[in-house]
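Here is the file entry.tsv (TSV, C-alpha atoms).
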chain	number	residue	atom	x	y	z
M	15	MET	CA	-19.08	-76.34	-48.36
M	16	GLU	CA	-15.37	-75.70	-48.98
M	17	ASN	CA	-16.20	-73.07	-51.60
M	18	HIS	CA	-18.47	-71.39	-49.08
M	19	LEU	CA	-15.66	-71.36	-46.51
M	20	ILE	CA	-13.21	-69.85	-48.99
M	21	LEU	CA	-15.74	-67.18	-49.99
M	22	THR	CA	-16.36	-66.31	-46.34
M	23	CYS	CA	-12.61	-65.98	-45.76
M	24	ILE	CA	-12.23	-63.72	-48.79
M	25	ILE	CA	-15.13	-61.50	-47.65
M	26	LEU	CA	-13.71	-61.35	-44.11
M	27	VAL	CA	-10.21	-60.41	-45.29
M	28	THR	CA	-11.64	-57.82	-47.71
M	29	ALA	CA	-13.80	-56.35	-44.93
M	30	ILE	CA	-10.79	-56.07	-42.59
M	31	ILE	CA	-8.73	-54.40	-45.33
M	32	LEU	CA	-11.60	-51.98	-46.07
M	33	LEU	CA	-12.03	-51.17	-42.38
M	34	VAL	CA	-8.31	-50.39	-42.03
M	35	VAL	CA	-8.49	-48.21	-45.14
M	36	LEU	CA	-11.61	-46.42	-43.82
M	37	ILE	CA	-9.96	-45.69	-40.48
M	38	GLY	CA	-6.77	-44.51	-42.22
M	39	VAL	CA	-8.57	-42.20	-44.62
M	40	ALA	CA	-10.88	-40.88	-41.89
M	41	SER	CA	-7.99	-40.02	-39.57
M	42	ALA	CA	-6.03	-38.38	-42.40
M	43	GLN	CA	-9.08	-36.33	-43.39
M	44	LEU	CA	-9.77	-35.39	-39.79
M	45	ALA	CA	-6.17	-34.26	-39.32
M	46	SER	CA	-6.47	-32.17	-42.47
M	47	VAL	CA	-9.71	-30.59	-41.23
M	48	LEU	CA	-8.16	-29.83	-37.84
M	49	GLU	CA	-5.15	-28.25	-39.52
M	50	ARG	CA	-7.45	-26.02	-41.55
M	51	ARG	CA	-9.81	-25.05	-38.76
M	52	ARG	CA	-9.07	-21.40	-39.32
M	53	GLU	CA	-9.84	-21.69	-43.05
M	54	PHE	CA	-13.17	-23.32	-42.28
M	55	ALA	CA	-13.88	-20.67	-39.66
M	56	VAL	CA	-13.23	-17.95	-42.25
M	57	LEU	CA	-15.52	-19.68	-44.75
M	58	SER	CA	-18.16	-19.89	-42.04
M	59	ALA	CA	-17.70	-16.19	-41.20
M	60	LEU	CA	-18.17	-15.35	-44.87
M	61	GLY	CA	-21.54	-17.06	-44.70
M	62	MET	CA	-20.87	-20.61	-45.88
M	63	HIS	CA	-23.33	-22.75	-43.96
M	64	GLY	CA	-22.89	-26.28	-42.64
M	65	VAL	CA	-24.23	-28.22	-45.63
M	66	ARG	CA	-21.83	-26.45	-47.98
M	67	LEU	CA	-18.91	-27.08	-45.65
M	68	VAL	CA	-19.87	-30.76	-45.57
M	69	ARG	CA	-19.91	-30.77	-49.36
M	70	VAL	CA	-16.41	-29.27	-49.50
M	71	VAL	CA	-14.93	-32.01	-47.32
M	72	LEU	CA	-16.90	-34.77	-49.07
M	73	ALA	CA	-15.74	-33.46	-52.46
M	74	GLU	CA	-12.18	-33.72	-51.19
M	75	GLY	CA	-12.94	-37.31	-50.12
M	76	VAL	CA	-14.29	-38.18	-53.57
M	77	ALA	CA	-11.26	-36.58	-55.25
M	78	LEU	CA	-8.99	-38.49	-52.90
M	79	GLY	CA	-10.84	-41.71	-53.76
M	80	LEU	CA	-10.50	-41.11	-57.51
M	81	VAL	CA	-6.80	-40.28	-57.28
M	82	GLY	CA	-6.28	-43.26	-54.97
M	83	ALA	CA	-8.11	-45.58	-57.37
M	84	LEU	CA	-6.04	-44.35	-60.32
M	85	GLY	CA	-2.80	-44.70	-58.36
M	86	GLY	CA	-3.83	-48.10	-57.05
M	87	LEU	CA	-4.67	-49.34	-60.53
M	88	ALA	CA	-1.44	-47.97	-62.00
M	89	LEU	CA	0.65	-49.68	-59.32
M	90	GLY	CA	-1.44	-52.76	-58.54
M	91	GLY	CA	-2.96	-53.42	-61.98
M	92	PRO	CA	0.21	-54.84	-63.61
M	93	LEU	CA	0.87	-56.96	-60.51
M	94	ALA	CA	-2.68	-58.32	-60.57
M	95	TRP	CA	-2.32	-59.06	-64.31
M	96	LEU	CA	0.95	-60.92	-63.68
M	97	LEU	CA	-0.65	-62.84	-60.82
M	98	ALA	CA	-3.59	-63.79	-63.05
M	99	HIS	CA	-1.48	-64.85	-66.03
M	100	ARG	CA	1.66	-66.35	-64.52
M	101	GLY	CA	0.51	-67.11	-61.01
M	102	VAL	CA	2.66	-67.63	-57.94
M	103	ASP	CA	4.55	-70.89	-57.92
M	104	PHE	CA	4.53	-72.70	-54.55
M	105	THR	CA	6.03	-75.92	-55.98
M	106	ARG	CA	9.17	-75.59	-53.87
M	107	LEU	CA	7.08	-75.24	-50.76
M	108	LEU	CA	4.26	-77.71	-51.50
M	109	GLY	CA	5.77	-80.12	-54.02
M	110	ARG	CA	4.33	-80.89	-57.46
M	111	SER	CA	1.18	-82.43	-56.06
M	112	TYR	CA	-0.44	-81.28	-52.85
M	113	ALA	CA	-3.62	-82.52	-51.31
M	114	PHE	CA	-5.55	-81.04	-48.39
M	115	GLY	CA	-8.63	-82.67	-46.93
M	116	GLY	CA	-8.86	-85.02	-49.87
M	117	THR	CA	-8.67	-82.22	-52.41
M	118	VAL	CA	-5.71	-81.89	-54.77
M	119	ILE	CA	-4.47	-78.32	-54.86
M	120	ASP	CA	-2.55	-76.76	-57.74
M	121	PRO	CA	0.77	-75.49	-56.30
M	122	ILE	CA	0.66	-72.59	-58.76
M	123	VAL	CA	-1.87	-70.07	-57.48
M	124	TYR	CA	-3.51	-67.73	-59.99
M	125	GLY	CA	-5.25	-64.45	-59.30
M	126	ASP	CA	-8.31	-63.05	-60.98
M	127	PHE	CA	-8.11	-60.22	-63.49
M	128	GLY	CA	-10.75	-58.93	-65.87
M	129	ALA	CA	-12.57	-55.89	-67.17
M	130	TRP	CA	-14.60	-55.83	-63.94
M	131	ILE	CA	-11.52	-54.66	-62.03
M	132	LEU	CA	-11.84	-51.06	-63.31
M	133	PRO	CA	-15.43	-50.29	-62.21
M	134	GLU	CA	-15.05	-52.29	-59.01
M	135	THR	CA	-11.82	-50.55	-57.97
M	136	PHE	CA	-13.26	-47.12	-58.68
M	137	LEU	CA	-16.52	-47.87	-56.94
M	138	VAL	CA	-14.90	-49.34	-53.81
M	139	ALA	CA	-12.28	-46.53	-53.58
M	140	VAL	CA	-14.74	-43.69	-54.07
M	141	VAL	CA	-17.45	-45.13	-51.81
M	142	ALA	CA	-14.90	-46.01	-49.10
M	143	THR	CA	-13.24	-42.56	-49.07
M	144	THR	CA	-16.61	-40.81	-49.18
M	145	LEU	CA	-17.83	-42.85	-46.22
M	146	ALA	CA	-14.56	-42.18	-44.41
M	147	SER	CA	-15.00	-38.44	-45.02
M	148	LEU	CA	-18.43	-38.28	-43.41
M	149	TYR	CA	-17.23	-37.75	-39.85
M	150	PRO	CA	-14.49	-35.20	-40.76
M	151	ALA	CA	-17.09	-33.33	-42.85
M	152	TRP	CA	-19.57	-33.29	-39.99
M	153	PHE	CA	-16.78	-32.16	-37.65
M	154	ALA	CA	-15.84	-29.28	-39.99
M	155	ALA	CA	-19.47	-28.18	-40.23
M	156	ARG	CA	-20.11	-28.31	-36.48
M	157	SER	CA	-16.90	-26.55	-35.41
M	158	ASP	CA	-17.35	-23.27	-33.57
M	159	PRO	CA	-15.96	-20.56	-35.92
M	160	ALA	CA	-15.42	-18.04	-33.11
M	161	GLN	CA	-13.37	-20.55	-31.15
M	162	ALA	CA	-11.36	-21.56	-34.23
M	163	LEU	CA	-10.55	-17.91	-34.98
M	164	ARG	CA	-9.68	-17.30	-31.32
M	165	VAL	CA	-7.37	-20.31	-31.08
M	166	ALA	CA	-5.59	-19.43	-34.32
M	167	GLN	CA	-4.88	-15.84	-33.27
T	456	MET	CA	-38.61	-4.31	-36.97
T	457	SER	CA	-35.99	-2.02	-35.46
T	458	ASP	CA	-33.89	0.23	-37.71
T	459	LEU	CA	-30.91	-0.18	-35.41
T	460	VAL	CA	-27.92	-2.00	-36.78
T	461	LEU	CA	-27.00	-3.43	-33.42
T	462	GLU	CA	-28.57	-3.36	-29.99
T	463	ALA	CA	-26.87	-5.04	-27.04
T	464	ARG	CA	-28.59	-5.12	-23.64
T	465	GLY	CA	-26.74	-6.59	-20.69
T	466	VAL	CA	-24.72	-8.86	-22.96
T	467	GLN	CA	-22.48	-11.29	-21.12
T	468	LYS	CA	-20.09	-13.88	-22.44
T	469	VAL	CA	-18.49	-16.48	-20.23
T	470	PHE	CA	-15.96	-19.05	-21.44
T	471	GLY	CA	-15.28	-22.25	-19.52
T	472	GLU	CA	-16.71	-23.30	-16.18
T	473	GLY	CA	-15.66	-23.40	-12.54
T	474	ARG	CA	-11.98	-22.69	-12.03
T	475	THR	CA	-11.37	-22.13	-15.73
T	476	GLU	CA	-14.28	-19.70	-16.07
T	477	VAL	CA	-13.42	-16.46	-17.85
T	478	ARG	CA	-15.91	-13.60	-17.98
T	479	ALA	CA	-15.02	-11.97	-21.30
T	480	LEU	CA	-18.03	-9.65	-21.31
T	481	ARG	CA	-19.78	-8.66	-18.08
T	482	ALA	CA	-22.76	-6.56	-19.10
T	483	VAL	CA	-22.38	-4.68	-22.33
T	484	ASP	CA	-25.01	-2.18	-23.38
T	485	LEU	CA	-24.46	-0.71	-26.80
T	486	VAL	CA	-26.64	0.66	-29.57
T	487	VAL	CA	-25.28	1.20	-33.07
T	488	GLN	CA	-27.18	3.34	-35.56
T	489	PRO	CA	-27.01	2.89	-39.34
T	490	GLY	CA	-24.00	4.55	-40.99
T	491	GLU	CA	-21.88	4.80	-37.86
T	492	PHE	CA	-18.10	4.51	-38.02
T	493	LEU	CA	-17.41	3.13	-34.60
T	494	ALA	CA	-14.10	2.19	-33.01
T	495	LEU	CA	-14.01	-0.33	-30.21
T	496	VAL	CA	-10.91	0.29	-28.12
T	497	GLY	CA	-9.52	-1.04	-24.88
T	498	PRO	CA	-6.63	-3.03	-23.50
T	499	SER	CA	-5.93	-6.62	-24.53
T	500	GLY	CA	-8.44	-8.95	-22.95
T	501	SER	CA	-11.06	-6.26	-22.55
T	502	GLY	CA	-13.54	-8.19	-24.72
T	503	LYS	CA	-13.29	-6.38	-28.08
T	504	THR	CA	-12.88	-9.49	-30.23
T	505	THR	CA	-15.47	-11.38	-28.20
T	506	PHE	CA	-17.96	-8.59	-28.78
T	507	LEU	CA	-17.19	-8.49	-32.51
T	508	ASN	CA	-17.70	-12.26	-32.72
T	509	LEU	CA	-21.09	-11.87	-31.06
T	510	ALA	CA	-22.01	-8.95	-33.32
T	511	GLY	CA	-21.01	-11.10	-36.29
T	512	ALA	CA	-23.29	-13.94	-35.17
T	513	LEU	CA	-20.23	-16.18	-34.93
T	514	ASP	CA	-20.91	-16.80	-31.27
T	515	LEU	CA	-23.84	-16.52	-28.86
T	516	PRO	CA	-24.06	-14.47	-25.67
T	517	THR	CA	-24.24	-16.31	-22.36
T	518	ALA	CA	-26.80	-13.82	-21.06
T	519	GLY	CA	-28.48	-10.62	-22.17
T	520	THR	CA	-30.00	-9.85	-25.54
T	521	LEU	CA	-28.19	-9.01	-28.72
T	522	SER	CA	-30.04	-7.85	-31.77
T	523	VAL	CA	-28.24	-7.55	-35.10
T	524	LEU	CA	-30.18	-5.80	-37.86
T	525	GLY	CA	-33.35	-6.36	-35.90
T	526	ARG	CA	-32.82	-10.08	-35.36
T	527	ASP	CA	-32.22	-11.64	-31.97
T	528	VAL	CA	-28.99	-13.57	-32.56
T	529	ALA	CA	-29.69	-16.12	-29.80
T	530	SER	CA	-32.96	-17.16	-31.41
T	531	LEU	CA	-31.40	-17.93	-34.79
T	532	SER	CA	-30.36	-21.41	-35.90
T	533	ARG	CA	-26.82	-22.05	-37.15
T	534	ARG	CA	-28.04	-21.87	-40.73
T	535	GLU	CA	-29.97	-18.64	-40.13
T	536	ARG	CA	-26.88	-17.08	-38.57
T	537	ALA	CA	-24.79	-18.15	-41.58
T	538	GLU	CA	-27.42	-16.64	-43.84
T	539	LEU	CA	-27.35	-13.39	-41.83
T	540	ARG	CA	-23.56	-13.24	-42.23
T	541	LEU	CA	-23.78	-13.99	-45.93
T	542	ARG	CA	-26.49	-11.44	-46.75
T	543	SER	CA	-25.94	-8.60	-44.31
T	544	LEU	CA	-22.53	-8.75	-42.62
T	545	GLY	CA	-18.97	-8.29	-43.85
T	546	PHE	CA	-15.80	-9.34	-42.05
T	547	VAL	CA	-12.28	-7.97	-42.18
T	548	PHE	CA	-9.71	-9.95	-40.23
T	549	GLN	CA	-6.40	-8.89	-38.78
T	550	ALA	CA	-4.57	-11.59	-40.78
T	551	TYR	CA	-6.44	-10.87	-44.08
T	552	ASN	CA	-7.46	-14.54	-44.43
T	553	LEU	CA	-7.76	-14.52	-48.20
T	554	VAL	CA	-8.00	-17.89	-49.94
T	555	PRO	CA	-4.38	-18.41	-51.06
T	556	VAL	CA	-5.11	-20.37	-54.23
T	557	LEU	CA	-7.56	-17.79	-55.59
T	558	SER	CA	-6.72	-14.49	-57.27
T	559	ALA	CA	-7.88	-11.19	-55.79
T	560	ARG	CA	-10.88	-11.15	-58.15
T	561	GLU	CA	-11.75	-14.77	-57.40
T	562	ASN	CA	-11.59	-14.08	-53.65
T	563	VAL	CA	-14.20	-11.37	-54.11
T	564	GLU	CA	-16.22	-13.48	-56.55
T	565	PHE	CA	-16.26	-16.33	-54.05
T	566	VAL	CA	-18.53	-14.43	-51.64
T	567	LEU	CA	-20.79	-13.36	-54.50
T	568	GLU	CA	-20.98	-16.97	-55.64
T	569	LEU	CA	-22.02	-18.03	-52.15
T	570	GLN	CA	-24.79	-15.46	-52.46
T	571	GLY	CA	-25.86	-17.02	-55.73
T	572	ALA	CA	-24.90	-13.98	-57.82
T	573	GLY	CA	-24.60	-16.05	-61.03
T	574	ARG	CA	-22.81	-14.72	-64.09
T	575	GLU	CA	-22.89	-11.10	-62.99
T	576	ARG	CA	-20.53	-11.89	-60.13
T	577	ARG	CA	-17.45	-11.32	-62.29
T	578	ARG	CA	-18.67	-7.86	-63.29
T	579	ARG	CA	-19.57	-7.00	-59.69
T	580	ALA	CA	-16.22	-8.23	-58.38
T	581	HIS	CA	-14.41	-6.17	-60.98
T	582	ALA	CA	-16.50	-3.11	-60.12
T	583	ILE	CA	-15.69	-3.24	-56.42
T	584	LEU	CA	-11.99	-3.89	-57.07
T	585	GLU	CA	-11.95	-0.92	-59.41
T	586	GLU	CA	-13.71	1.23	-56.82
T	587	LEU	CA	-11.01	0.36	-54.30
T	588	GLY	CA	-8.20	0.98	-56.79
T	589	LEU	CA	-7.32	-2.71	-57.10
T	590	ALA	CA	-8.32	-3.39	-60.72
T	591	GLU	CA	-4.70	-3.82	-61.83
T	592	LEU	CA	-4.09	-6.41	-59.12
T	593	ALA	CA	-7.24	-8.43	-59.84
T	594	ASP	CA	-5.43	-11.44	-61.27
T	595	ARG	CA	-2.75	-11.66	-58.63
T	596	ARG	CA	-2.85	-14.22	-55.87
T	597	PRO	CA	-2.50	-13.16	-52.23
T	598	ALA	CA	1.16	-14.27	-52.11
T	599	GLU	CA	1.89	-11.78	-54.90
T	600	LEU	CA	0.37	-8.87	-52.97
T	601	SER	CA	1.76	-6.73	-50.17
T	602	GLY	CA	0.09	-6.77	-46.75
T	603	GLY	CA	-1.67	-3.48	-47.47
T	604	GLN	CA	-2.93	-4.72	-50.82
T	605	GLN	CA	-4.13	-7.99	-49.29
T	606	GLN	CA	-6.07	-6.12	-46.64
T	607	ARG	CA	-7.66	-3.88	-49.30
T	608	VAL	CA	-8.72	-7.02	-51.18
T	609	ALA	CA	-10.12	-8.35	-47.89
T	610	VAL	CA	-12.13	-5.13	-47.55
T	611	ALA	CA	-13.33	-5.55	-51.16
T	612	ARG	CA	-14.42	-9.09	-50.30
T	613	ALA	CA	-16.18	-7.87	-47.15
T	614	VAL	CA	-18.17	-5.15	-48.92
T	615	ALA	CA	-18.75	-6.85	-52.30
T	616	ALA	CA	-22.18	-8.08	-51.30
T	617	ARG	CA	-23.11	-4.61	-49.96
T	618	PRO	CA	-23.51	-5.69	-46.31
T	619	ARG	CA	-25.23	-3.34	-43.91
T	620	LEU	CA	-22.66	-3.93	-41.18
T	621	VAL	CA	-18.92	-4.45	-41.63
T	622	LEU	CA	-16.98	-5.85	-38.67
T	623	ALA	CA	-13.22	-5.43	-38.64
T	624	ASP	CA	-11.06	-6.96	-35.93
T	625	GLU	CA	-7.83	-4.97	-35.67
T	626	PRO	CA	-7.74	-4.43	-39.45
T	627	THR	CA	-4.55	-2.38	-39.38
T	628	ALA	CA	-2.60	-4.42	-36.82
T	629	ASN	CA	-0.30	-5.92	-39.47
T	630	LEU	CA	0.04	-2.76	-41.56
T	631	ASP	CA	2.54	0.08	-41.52
T	632	GLY	CA	1.37	3.64	-40.89
T	633	GLU	CA	0.85	4.58	-44.53
T	634	ASN	CA	-1.11	1.45	-45.38
T	635	ALA	CA	-3.17	1.81	-42.20
T	636	GLU	CA	-4.09	5.37	-43.24
T	637	THR	CA	-5.01	4.24	-46.76
T	638	LEU	CA	-7.18	1.45	-45.40
T	639	MET	CA	-9.03	3.72	-42.99
T	640	HIS	CA	-9.68	6.31	-45.72
T	641	LEU	CA	-10.99	3.51	-47.90
T	642	MET	CA	-13.37	2.30	-45.22
T	643	ARG	CA	-14.56	5.84	-44.46
T	644	ASP	CA	-15.19	6.41	-48.19
T	645	LEU	CA	-17.21	3.20	-48.43
T	646	ARG	CA	-19.26	4.24	-45.44
T	647	ASP	CA	-19.85	7.72	-46.91
T	648	ARG	CA	-20.74	6.44	-50.39
T	649	HIS	CA	-22.80	3.38	-49.52
T	650	GLY	CA	-24.05	4.11	-46.04
T	651	MET	CA	-22.55	0.95	-44.61
T	652	THR	CA	-21.98	0.77	-40.86
T	653	PHE	CA	-18.44	-0.01	-39.73
T	654	LEU	CA	-17.59	-1.43	-36.33
T	655	PHE	CA	-13.90	-2.05	-35.79
T	656	SER	CA	-11.61	-2.87	-32.91
T	657	THR	CA	-8.19	-1.32	-32.66
T	658	HIS	CA	-5.23	-0.47	-30.49
T	659	ASP	CA	-3.89	2.01	-33.03
T	660	PRO	CA	-4.37	5.70	-32.17
T	661	ARG	CA	-4.06	6.65	-35.86
T	662	VAL	CA	-6.98	4.40	-36.64
T	663	VAL	CA	-9.05	5.87	-33.83
T	664	ASP	CA	-8.51	9.28	-35.48
T	665	HIS	CA	-10.87	8.19	-38.24
T	666	ALA	CA	-13.66	7.03	-35.95
T	667	VAL	CA	-16.78	9.09	-35.45
T	668	ARG	CA	-17.62	7.37	-32.20
T	669	VAL	CA	-15.31	5.57	-29.80
T	670	VAL	CA	-16.43	2.94	-27.32
T	671	THR	CA	-13.90	1.92	-24.70
T	672	LEU	CA	-14.20	-1.55	-23.22
T	673	VAL	CA	-12.46	-2.30	-19.95
T	674	ASP	CA	-12.78	-5.68	-18.23
T	675	GLY	CA	-15.75	-6.64	-20.36
T	676	THR	CA	-17.85	-3.57	-19.77
T	677	VAL	CA	-18.32	-0.29	-21.60
T	678	ALA	CA	-16.16	2.18	-19.69
T	679	ARG	CA	-16.72	5.08	-22.08
T	680	ASP	CA	-18.89	5.77	-25.08
T	681	GLU	CA	-18.41	9.13	-26.73
T	682	PRO	CA	-18.29	10.92	-30.05
T	683	HIS	CA	-14.83	11.44	-31.44
T	684	THR	CA	-14.26	15.02	-32.55
T	685	PRO	CA	-11.22	17.31	-32.76
T	686	GLU	CA	-12.60	19.14	-29.72
T	687	ARG	CA	-12.83	15.91	-27.77
T	688	PRO	CA	-9.70	13.94	-28.57
T	689	HIS	CA	-9.90	10.37	-27.40
T	690	GLU	CA	-7.58	8.92	-24.88
T	691	ILE	CA	-6.67	5.31	-25.55
T	692	LEU	CA	-5.84	3.33	-22.52
T	693	PRO	CA	-3.13	0.98	-21.25
T	694	ARG	CA	-1.50	-0.89	-24.14
T	695	ILE	CA	-0.68	2.16	-26.22
T	696	GLY	CA	0.65	4.17	-23.33
T	697	LYS	CA	-2.17	6.64	-22.65
T	698	ALA	CA	-1.27	8.76	-25.67
T	699	ARG	CA	-3.56	11.65	-26.37
T	700	VAL	CA	-4.83	11.40	-29.86
T	701	GLY	CA	-5.98	14.22	-32.10
T	702	ALA	CA	-9.06	13.70	-34.18
T	703	GLU	CA	-10.65	14.74	-37.41
T	704	GLY	CA	-14.17	13.65	-36.66

Taking this structure as input, can you express it in the form of structure tokens?
Amino acid sequence: MENHLILTCIILVTAIILLVVLIGVASAQLASVLERRREFAVLSALGMHGVRLVRVVLAEGVALGLVGALGGLALGGPLAWLLAHRGVDFTRLLGRSYAFGGTVIDPIVYGDFGAWILPETFLVAVVATTLASLYPAWFAARSDPAQALRVAQ
Amino acid sequence: MSDLVLEARGVQKVFGEGRTEVRALRAVDLVVQPGEFLALVGPSGSGKTTFLNLAGALDLPTAGTLSVLGRDVASLSRRERAELRLRSLGFVFQAYNLVPVLSARENVEFVLELQGAGRERRRRAHAILEELGLAELADRRPAELSGGQQQRVAVARAVAARPRLVLADEPTANLDGENAETLMHLMRDLRDRHGMTFLFSTHDPRVVDHAVRVVTLVDGTVARDEPHTPERPHEILPRIGKARVGAEG
């Protein structure tokens, strides 16, 4: 029961973090698309149709996801390794022996680190940024090229 | 199917609604034959750019019928209009609008790639750049080119796929007199050699000199439509000060 509760909390926190990331990436991508409205209008004038424009923005999203995953691993990987191997010591806060609800809790908290972290990080980053790029991509493809050229003049 | 390049009948274009409504085109009737070199002139706000956008299938008329290369623009889907632009239309913009990270050759190749030209696209891009005297500049990026050179690359990009109709919106507006002359000669040569139709808007009397036919738009309607010959010099209205312009036909 307690394990189930902990798992639910972890999933909930992860989902909230992912949602925040999705909204952040989507708004950044949308701002980038809006800034380049004229470029997209020119591509459209040259004959690039909607599906190809969608692909351009999605490709940017995937590239962003890959770069983000690499950066995240480079910065967060060593920290996660340290957390997994040395843990975070809460002895000063909790004392040497701490019990909650009849369960004794180790005051040194360890993280989880393994080979799975590479594929999982890449998968989550790429899928999340691709999903976040869907609306900006659709927006770029549906924009009115004549209006974009007019506004930019 | 009609042989006309463009046929506009009672074309209207209205932007906005109610108080913000702007009638950019009121009722334009215009027929363009293959191989014409037509200048669209008129004061700012007369509807030149709006008409070019409609002719380029970038926008749809509010009323009236507009046929481009025998196809009713209003009846085409977004994808069909993109396909029409890709296969049969070329665009030259006032601000060049080359892709900054690509070289001159790559900018031209880009359109050919969109067309699915495959491996031959490099050879075709080189051929058109050579034809326009740009072979030596092929590997330079737009930032390394002058305004005149950039606009010539933009023309190369516009005609690389051998479109039947080339639309140019104030193509010489950012160029000095000499570069404007060079560009117009280039476009006339392309029209003479390949039979392409050119439709361009301008405020520049020197550019109008090169036109074979001049259509004057005033307040969204065709005020005048006449051949441009040395015997019938064209008078350009308001913005350029009613200067009488000589012509070479």

Using only C-alpha atoms, find each residue in chain M having at least one atom no more than 8 Å away from chain T; report its shortest atom-to-atom pair and that distance in Å (one decimal), rows by chain then rising number, as a tab-separated table.
residue	atom	partner	partner_atom	distance
M:Glu53	CA	T:Asn552	CA	7.7
M:Val56	CA	T:Asn552	CA	7.0
M:Ser58	CA	T:Ala537	CA	6.9
M:Ala59	CA	T:Arg540	CA	6.6
M:Leu60	CA	T:Leu541	CA	5.9
M:Gly61	CA	T:Leu541	CA	4.0
M:Met62	CA	T:Ala537	CA	6.3
M:His63	CA	T:Ala537	CA	5.4
M:Gly64	CA	T:Arg534	CA	7.0
M:Asp158	CA	T:Asp514	CA	7.7
M:Pro159	CA	T:Leu513	CA	6.2
M:Ala160	CA	T:Leu513	CA	5.5

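In this structure, atom CA of Val523 of chain T sits 22.3 Å away from atom CA of Gly497 of chain T.
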
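Between atom CA of Gly109 of chain M and atom CA of Gly125 of chain M the separation is 19.9 Å.
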
Residues within 10 Å of Leu108 of chain M, only C-alpha atoms, excluding chain neighbours under 4 positions, as a PyMOL selection string: chain M and resi 103-104+112-113+119-122

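The list of residues within 10 Å of (-10.5, -49.7, -63.4), counted using all atoms listed in the file, is Ala83, Leu84, Gly86, Leu87, Ala88, Gly91, Gly128, Ala129, Trp130, Ile131, Leu132, Pro133, Glu134, Thr135, Phe136 and Leu137 of chain M.
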
Distance query segment 516-518 of chain T at most 6 Å, all atoms listed in the file, self and fewer than 4 positions along chain excluded, as a ChimeraX atom specification: /T:466-468

Please, could you write that set of residues out with C-alpha atoms as a short mmCIF file (atom, residue, chain, number, x, y, z; two decimals), keeping the file's coordinate frame?
data_model
loop_
_atom_site.label_atom_id
_atom_site.label_comp_id
_atom_site.auth_asym_id
_atom_site.auth_seq_id
_atom_site.Cartn_x
_atom_site.Cartn_y
_atom_site.Cartn_z
CA VAL T 466 -24.72 -8.86 -22.96
CA GLN T 467 -22.48 -11.29 -21.12
CA LYS T 468 -20.09 -13.88 -22.44
#

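If all atoms listed in the file are the atoms counted, then among M:Leu44, M:Leu107, M:Ala94, M:Val65 the closest residue to Ala146 of chain M is M:Leu44.
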
Counting all atoms listed in the file, note down every residue that has an atom within 6 Å of the point (-8.6, -1.0, -23.1) (file coordinates), as a short mmCIF file (atom, residue, chain, number, x, y, z; two decimals) with C-alpha atoms, in the coordinates of the input.
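The resulting point-v7.cif:
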data_model
loop_
_atom_site.label_atom_id
_atom_site.label_comp_id
_atom_site.auth_asym_id
_atom_site.auth_seq_id
_atom_site.Cartn_x
_atom_site.Cartn_y
_atom_site.Cartn_z
CA VAL T 496 -10.91 0.29 -28.12
CA GLY T 497 -9.52 -1.04 -24.88
CA PRO T 498 -6.63 -3.03 -23.50
CA SER T 501 -11.06 -6.26 -22.55
CA LEU T 672 -14.20 -1.55 -23.22
CA VAL T 673 -12.46 -2.30 -19.95
CA LEU T 692 -5.84 3.33 -22.52
#

Of the candidates T:Leu641, T:Leu531, T:Ala623, T:Leu557, which shows the shortest atom-to-atom distance to Leu589 of chain T, using only C-alpha atoms? T:Leu641

Students should find that atom CA of Arg679 of chain T and atom CA of Ser522 of chain T are spaced 20.9 Å

From T:Gly675, T:Gly500, T:Gly571, T:Gly519, residue lying nearest His658 of chain T [all atoms listed in the file]: T:Gly500

Please provide as a VMD selection string all residues within 12 Å of Ala45 of chain M, with the sequence filter that same-chain residues fewer than 2 positions apart are discarded (counting only C-alpha atoms). chain M and resid 38 to 43 47 to 51 147 149 to 151 153 to 154

Using all atoms of segment 504-509 of chain T that appear in the file, construct an axis-aligned enclosing box with 5 Å of padding on every side and provide its centre coordinates and edge lengths in Å, rounded to one decimal, as JSON.
{"center_x": -17.0, "center_y": -10.4, "center_z": -30.5, "size_x": 18.2, "size_y": 13.8, "size_z": 14.5}

Considering all atoms listed in the file, state which residue in the set T:Arg648, T:Pro682, T:Gly632, T:Ala559 is at the smallest distance from Arg607 of chain T. T:Ala559

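You can rank T:Glu564, T:Asp624, T:Glu586, T:Asp664 by their closest distance to Met639 of chain T using only C-alpha atoms, and at the top of that list sits T:Asp664.
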
As a short mmCIF file (atom, residue, chain, number, x, y, z; two decimals) with C-alpha atoms, keeping the file's coordinate frame, please: the residues near segment 591-602 of chain T (cut-off 8 Å, all atoms listed in the file, same-chain neighbours under 2 positions excluded).
data_model
loop_
_atom_site.label_atom_id
_atom_site.label_comp_id
_atom_site.auth_asym_id
_atom_site.auth_seq_id
_atom_site.Cartn_x
_atom_site.Cartn_y
_atom_site.Cartn_z
CA LEU T 553 -7.76 -14.52 -48.20
CA VAL T 554 -8.00 -17.89 -49.94
CA PRO T 555 -4.38 -18.41 -51.06
CA VAL T 556 -5.11 -20.37 -54.23
CA LEU T 557 -7.56 -17.79 -55.59
CA SER T 558 -6.72 -14.49 -57.27
CA ALA T 559 -7.88 -11.19 -55.79
CA ARG T 560 -10.88 -11.15 -58.15
CA HIS T 581 -14.41 -6.17 -60.98
CA LEU T 584 -11.99 -3.89 -57.07
CA GLY T 588 -8.20 0.98 -56.79
CA LEU T 589 -7.32 -2.71 -57.10
CA GLN T 604 -2.93 -4.72 -50.82
CA GLN T 605 -4.13 -7.99 -49.29
CA GLN T 606 -6.07 -6.12 -46.64
CA ASN T 629 -0.30 -5.92 -39.47
CA LEU T 630 0.04 -2.76 -41.56
#
